[in-house]
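Peer 1: Have a look at this one.
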Amino acid sequence: PSATTIVVVTIAGGHFEVIHAGDSRAYLWRGGHLQRLTADHSWVAEQERAGTLTPEEAARSQYRNIITRCIGAEPAVQLERRDAERCSAHDLFLLSSDGLHGLVDEPEIVAVLASGSTLQEIADRLVELANERGGTDNISVVVARIE
């Protein structure tokens, strides 16, 4: 059977919530700081959190693409839900598949977000960076801002 990851940010009533399964990620860019809102559901990430792999070993592991939660492989899916948090004016949300964060590291993402570019230019530049590094996986990027 076919399977995929998911990451969703819902915004209502001045609050946001994040729901996800797999290794697609949600980030919040607020006040010049990037905060990752999700933790990957993958074998390597779980081993890193348990302390059995170092971040360097995790980055090189041949098992980094093995996800432990997804949609489509099983009849039921276990989604992780982050508690609702208050939105602030100018919050920027970045949702991405592992095709981005597998090839573009967080300091590079910060540099693109801090560039003052439009949302479309930010998304385009992030995809361009991943493609310049081989574009080895599906590269999905969504950028949204609270006005």
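Simple scheme: letters A, B, ... for chains in structure tokens order, numbers from 1 for residues in each chain, numbers from 1 for ligands in the order shown.
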Do you know which residues are at most 8 Å from A:Cys70 counting only C-alpha atoms, after dropping those on the same chain fewer than 3 positions away, and could you put them as a ChimeraX atom specification?
Peer 2: /A:3-6,21-22,67,73,77-78
Peer 1: Output the selection as a PDB file, in the first residue's frame - N, CA, C and O atoms for each residue.
Peer 2:
```
ATOM      1  N   ALA A   3       1.738   5.140   1.064  1.00  0.00           N
ATOM      2  CA  ALA A   3       1.653   5.904   2.312  1.00  0.00           C
ATOM      3  C   ALA A   3       2.275   7.274   2.115  1.00  0.00           C
ATOM      4  O   ALA A   3       3.104   7.470   1.229  1.00  0.00           O
ATOM      5  N   THR A   4       1.868   8.210   2.960  1.00  0.00           N
ATOM      6  CA  THR A   4       2.403   9.562   2.893  1.00  0.00           C
ATOM      7  C   THR A   4       2.423  10.186   4.275  1.00  0.00           C
ATOM      8  O   THR A   4       1.792   9.686   5.205  1.00  0.00           O
ATOM      9  N   THR A   5       3.145  11.283   4.402  1.00  0.00           N
ATOM     10  CA  THR A   5       3.180  12.045   5.641  1.00  0.00           C
ATOM     11  C   THR A   5       2.210  13.210   5.524  1.00  0.00           C
ATOM     12  O   THR A   5       1.747  13.531   4.432  1.00  0.00           O
ATOM     13  N   ILE A   6       1.949  13.859   6.656  1.00  0.00           N
ATOM     14  CA  ILE A   6       1.048  15.018   6.636  1.00  0.00           C
ATOM     15  C   ILE A   6       1.464  15.995   7.730  1.00  0.00           C
ATOM     16  O   ILE A   6       1.925  15.583   8.796  1.00  0.00           O
ATOM     17  N   ALA A  21       1.789  13.696  11.093  1.00  0.00           N
ATOM     18  CA  ALA A  21       2.221  12.300  11.151  1.00  0.00           C
ATOM     19  C   ALA A  21       3.336  12.139  10.132  1.00  0.00           C
ATOM     20  O   ALA A  21       3.208  12.564   8.989  1.00  0.00           O
ATOM     21  N   GLY A  22       4.448  11.581  10.564  1.00  0.00           N
ATOM     22  CA  GLY A  22       5.573  11.355   9.666  1.00  0.00           C
ATOM     23  C   GLY A  22       6.666  12.378   9.864  1.00  0.00           C
ATOM     24  O   GLY A  22       6.825  12.950  10.941  1.00  0.00           O
ATOM     25  N   ILE A  67       9.783   5.973   8.199  1.00  0.00           N
ATOM     26  CA  ILE A  67       8.870   6.704   9.055  1.00  0.00           C
ATOM     27  C   ILE A  67       8.066   5.735   9.920  1.00  0.00           C
ATOM     28  O   ILE A  67       7.809   4.600   9.532  1.00  0.00           O
ATOM     29  N   ALA A  73      -0.736   3.525   5.199  1.00  0.00           N
ATOM     30  CA  ALA A  73      -0.139   2.195   5.363  1.00  0.00           C
ATOM     31  C   ALA A  73      -1.013   1.285   6.225  1.00  0.00           C
ATOM     32  O   ALA A  73      -1.004   0.073   6.045  1.00  0.00           O
ATOM     33  N   VAL A  77      -4.688   5.929  11.576  1.00  0.00           N
ATOM     34  CA  VAL A  77      -3.458   6.704  11.681  1.00  0.00           C
ATOM     35  C   VAL A  77      -3.408   7.380  13.049  1.00  0.00           C
ATOM     36  O   VAL A  77      -4.433   7.822  13.562  1.00  0.00           O
ATOM     37  N   GLN A  78      -2.241   7.411  13.631  1.00  0.00           N
ATOM     38  CA  GLN A  78      -2.049   8.081  14.906  1.00  0.00           C
ATOM     39  C   GLN A  78      -1.427   9.449  14.630  1.00  0.00           C
ATOM     40  O   GLN A  78      -0.239   9.561  14.350  1.00  0.00           O
TER      41      GLN A  78
END
```
Peer 1: Report the residues of stretch 1-141 of chain A whose backbone DSSP state falls under helix (DSSP H, G or I), written as a ChimeraX atom specification.
Peer 2: /A:43-50,55-60,98-101,106-113,119-132
Peer 1: May I have the residues from that selection written out with N, CA and C atoms, as a short mmCIF file (atom, residue, chain, number, x, y, z; two decimals), in the first residue's frame?
Peer 2:
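The result, stored in out_20.cif:
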```cif
data_model
loop_
_atom_site.label_atom_id
_atom_site.label_comp_id
_atom_site.auth_asym_id
_atom_site.auth_seq_id
_atom_site.Cartn_x
_atom_site.Cartn_y
_atom_site.Cartn_z
N TRP A 43 12.24 6.40 12.43
CA TRP A 43 13.06 5.51 13.26
C TRP A 43 14.31 6.24 13.74
N VAL A 44 14.97 6.95 12.84
CA VAL A 44 16.20 7.64 13.19
C VAL A 44 15.95 8.74 14.23
N ALA A 45 14.89 9.53 14.04
CA ALA A 45 14.58 10.60 15.01
C ALA A 45 14.28 10.02 16.38
N GLU A 46 13.58 8.90 16.41
CA GLU A 46 13.26 8.26 17.69
C GLU A 46 14.53 7.74 18.36
N GLN A 47 15.46 7.20 17.58
CA GLN A 47 16.73 6.73 18.14
C GLN A 47 17.57 7.90 18.65
N GLU A 48 17.51 9.01 17.93
CA GLU A 48 18.24 10.21 18.37
C GLU A 48 17.65 10.73 19.69
N ARG A 49 16.31 10.81 19.78
CA ARG A 49 15.67 11.27 21.02
C ARG A 49 15.97 10.33 22.18
N ALA A 50 16.12 9.04 21.90
CA ALA A 50 16.42 8.05 22.95
C ALA A 50 17.89 8.07 23.35
N PRO A 55 23.26 13.22 16.71
CA PRO A 55 22.73 13.93 15.54
C PRO A 55 23.54 13.67 14.27
N GLU A 56 24.85 13.53 14.40
CA GLU A 56 25.69 13.26 13.23
C GLU A 56 25.41 11.88 12.66
N GLU A 57 25.26 10.88 13.56
CA GLU A 57 24.94 9.52 13.11
C GLU A 57 23.56 9.49 12.46
N ALA A 58 22.61 10.21 13.04
CA ALA A 58 21.26 10.25 12.49
C ALA A 58 21.27 10.84 11.08
N ALA A 59 22.04 11.91 10.89
CA ALA A 59 22.09 12.57 9.58
C ALA A 59 22.67 11.66 8.50
N ARG A 60 23.54 10.73 8.88
CA ARG A 60 24.18 9.83 7.91
C ARG A 60 23.51 8.46 7.81
N ASP A 98 10.18 16.29 3.85
CA ASP A 98 11.59 16.01 4.11
C ASP A 98 12.47 16.27 2.89
N GLY A 99 11.88 16.45 1.74
CA GLY A 99 12.66 16.82 0.57
C GLY A 99 13.33 18.18 0.74
N LEU A 100 12.77 19.03 1.61
CA LEU A 100 13.41 20.31 1.93
C LEU A 100 14.41 20.13 3.07
N HIS A 101 13.92 19.72 4.23
CA HIS A 101 14.81 19.72 5.40
C HIS A 101 15.85 18.62 5.37
N GLU A 106 18.56 24.18 8.98
CA GLU A 106 17.80 25.26 9.60
C GLU A 106 18.48 26.63 9.51
N PRO A 107 19.80 26.73 9.67
CA PRO A 107 20.41 28.06 9.49
C PRO A 107 20.18 28.64 8.09
N GLU A 108 20.16 27.78 7.08
CA GLU A 108 19.89 28.25 5.72
C GLU A 108 18.43 28.67 5.57
N ILE A 109 17.53 27.93 6.20
CA ILE A 109 16.11 28.30 6.18
C ILE A 109 15.94 29.67 6.83
N VAL A 110 16.60 29.88 7.97
CA VAL A 110 16.54 31.16 8.66
C VAL A 110 17.00 32.29 7.74
N ALA A 111 18.08 32.09 7.03
CA ALA A 111 18.61 33.12 6.14
C ALA A 111 17.59 33.49 5.07
N VAL A 112 16.90 32.50 4.52
CA VAL A 112 15.88 32.78 3.50
C VAL A 112 14.69 33.51 4.13
N LEU A 113 14.25 33.06 5.30
CA LEU A 113 13.12 33.72 5.95
C LEU A 113 13.44 35.16 6.34
N LEU A 119 6.30 35.90 0.30
CA LEU A 119 6.05 34.50 0.64
C LEU A 119 6.37 33.59 -0.54
N GLN A 120 5.97 33.99 -1.74
CA GLN A 120 6.24 33.18 -2.93
C GLN A 120 7.74 33.08 -3.19
N GLU A 121 8.46 34.18 -3.02
CA GLU A 121 9.91 34.16 -3.22
C GLU A 121 10.60 33.26 -2.19
N ILE A 122 10.11 33.28 -0.96
CA ILE A 122 10.66 32.41 0.09
C ILE A 122 10.47 30.95 -0.31
N ALA A 123 9.24 30.58 -0.67
CA ALA A 123 8.96 29.20 -1.05
C ALA A 123 9.81 28.79 -2.25
N ASP A 124 9.86 29.65 -3.27
CA ASP A 124 10.64 29.34 -4.47
C ASP A 124 12.12 29.16 -4.15
N ARG A 125 12.67 30.02 -3.31
CA ARG A 125 14.11 29.94 -2.98
C ARG A 125 14.42 28.68 -2.21
N LEU A 126 13.55 28.28 -1.27
CA LEU A 126 13.79 27.06 -0.51
C LEU A 126 13.77 25.83 -1.41
N VAL A 127 12.81 25.78 -2.32
CA VAL A 127 12.75 24.66 -3.27
C VAL A 127 13.98 24.68 -4.17
N GLU A 128 14.37 25.85 -4.61
CA GLU A 128 15.56 25.99 -5.46
C GLU A 128 16.81 25.46 -4.75
N LEU A 129 16.98 25.82 -3.47
CA LEU A 129 18.13 25.34 -2.70
C LEU A 129 18.15 23.81 -2.62
N ALA A 130 17.00 23.22 -2.33
CA ALA A 130 16.93 21.75 -2.25
C ALA A 130 17.24 21.11 -3.60
N ASN A 131 16.73 21.69 -4.67
CA ASN A 131 17.02 21.16 -6.00
C ASN A 131 18.49 21.30 -6.38
N GLU A 132 19.12 22.41 -5.96
CA GLU A 132 20.55 22.61 -6.22
C GLU A 132 21.38 21.52 -5.57
#
```
Peer 1: I'd like the neighbourhood of A:Arg30 as a list of chain:residue names, where a residue qualifies if any of its atoms comes within 10 Å (using only C-alpha atoms), though same-chain residues fewer than 6 positions away should be ignored.
Peer 2: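 Result of the neighbour search: A:Cys87, A:Ser88, A:Ala89, A:His90, A:Asp91, A:Leu92, A:Phe93.
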Peer 1: Could you please determine the separation between atom CA of A:Gly135 and atom CA of A:Gln35 in Å, to one decimal place?
Peer 2: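 Atom-to-atom, atom CA of A:Gly135 to atom CA of A:Gln35, that is 24.2 Å.
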